[in-house]
Amino acid sequence: GPRARTRTRAAPSPSVPGPMATCADAPIARPAAPWRGVNLGGWLLLEPGPADPLFDQHLGEDGEAARCEWGLMEILHERLGAQAAAEVIQRHREAHVTRRDFERIRACGLNAVRLPLGYWVVLGPRAGDPYVGPGLEHVDRALDWAEACGLQVVLDLH
């Protein structure tokens, strides 16, 4: 009958796939339990809703709140200047989410957090962007808190 064909190839390194490696060669680490978590929106990616107090404190000339971080930053720059705008954002990033929040998330029986963040938190803003960054120290702190609390983190880069 027909012979079974076998193919030999070097075993892929679990940490560094070879040049011909495929997704099937990569090890998959699956969580022990399904993710049950919450979104930490409004902290490192500003949006109305989760960051309403910040948006409500800094209304546009028309009395309306900005609809996104870009709009909020334009209002802050116009009203306060670049340095003071950066200070407002820094105070928000220091206080909006704390280690205590991570502890409460875990105490609720959850095991994961989603951490949305803008590219400017990682790389800094592009020329002409009104954003404040980089701010990787906040991501590092969130990862430390999550590890200490036994939470997984889904980084959501925008």
# chains A, B, ... in the order shown; residues from 1 in each chain; ligands from 1
>>> select_by_dssp(residues="chain A", states="helix (DSSP H, G or I)", output="number ranges by chain")
A: 23-25, 52-57, 69-80, 82-95, 99-107, 119-123, 136-149
>>> select_by_dssp(residues="stretch 45-144 of chain A", states="strand (DSSP E)", output="PyMOL selection string")
chain A and resi 112-117
>>> residues_around(residues="A:Leu45", least_positions_apart="5", cutoff="6 Å", atoms="only C-alpha atoms", output="PyMOL selection string")
chain A and resi 116-118
>>> residues_around(residues="stretch 139-146 of chain A", least_positions_apart="6", cutoff="8 Å", atoms="only C-alpha atoms", output="number ranges by chain")
A: 99, 102, 152-153
>>> residues_around(residues="A:Ala107", least_positions_apart="3", cutoff="12 Å", atoms="only C-alpha atoms", output="PyMOL selection string")
chain A and resi 37+100-104+110-112+149-151
>>> closest_residue(among="A:Ala32, A:Ala51, A:Ala82, A:Leu123", to="A:Ala65", atoms="only C-alpha atoms")
A:Ala51
>>> residues_around(residues="stretch 55-57 of chain A", least_positions_apart="4", cutoff="9 Å", atoms="only C-alpha atoms", output="NGL selection string")
:A and (46-49 or 51 or 64-69 or 72)
>>> write_last_selection(atoms="C-alpha atoms", output="compact mmCIF listing (two decimals), in the first residue's frame")
# COMPACT_ATOMS: atom_id res chain seq x y z
CA LEU A 46 -9.04 59.61 27.01
CA GLU A 47 -12.65 59.37 25.96
CA PRO A 48 -15.91 60.79 27.22
CA GLY A 49 -17.75 58.37 29.43
CA ALA A 51 -13.19 60.24 31.73
CA GLU A 64 -19.70 71.63 24.83
CA ALA A 65 -17.40 68.85 25.97
CA ALA A 66 -14.84 67.53 23.50
CA ARG A 67 -15.71 64.23 21.83
CA CYS A 68 -12.25 62.68 21.91
CA GLU A 69 -8.75 63.11 23.34
CA LEU A 72 -9.83 67.81 24.65
>>> residues_around(residues="A:Glu87", least_positions_apart="3", cutoff="12 Å", atoms="only C-alpha atoms", output="tab-separated table (two decimals) with C-alpha atoms, in the first residue's frame")
chain	number	residue	atom	x	y	z
A	73	MET	CA	-6.13	68.44	24.08
A	76	LEU	CA	-6.47	72.47	26.98
A	77	HIS	CA	-3.74	73.91	24.74
A	80	LEU	CA	-3.94	76.72	29.37
A	81	GLY	CA	-0.93	76.42	27.08
A	82	ALA	CA	1.15	73.33	26.39
A	83	GLN	CA	2.87	73.04	29.78
A	84	ALA	CA	-0.29	73.39	31.87
A	90	GLN	CA	-0.27	63.99	34.12
A	91	ARG	CA	-2.50	64.57	37.18
A	92	HIS	CA	-5.29	62.59	35.49
A	93	ARG	CA	-2.95	59.70	34.68
A	94	GLU	CA	-1.70	59.63	38.27
A	131	TYR	CA	-1.18	64.66	22.79
A	132	VAL	CA	0.97	64.26	25.91
A	133	GLY	CA	3.55	61.48	25.91
>>> closest_residue(among="A:Val121, A:Ala26, A:Gly128, A:Gly41", to="A:Glu74", atoms="only C-alpha atoms")
A:Gly128
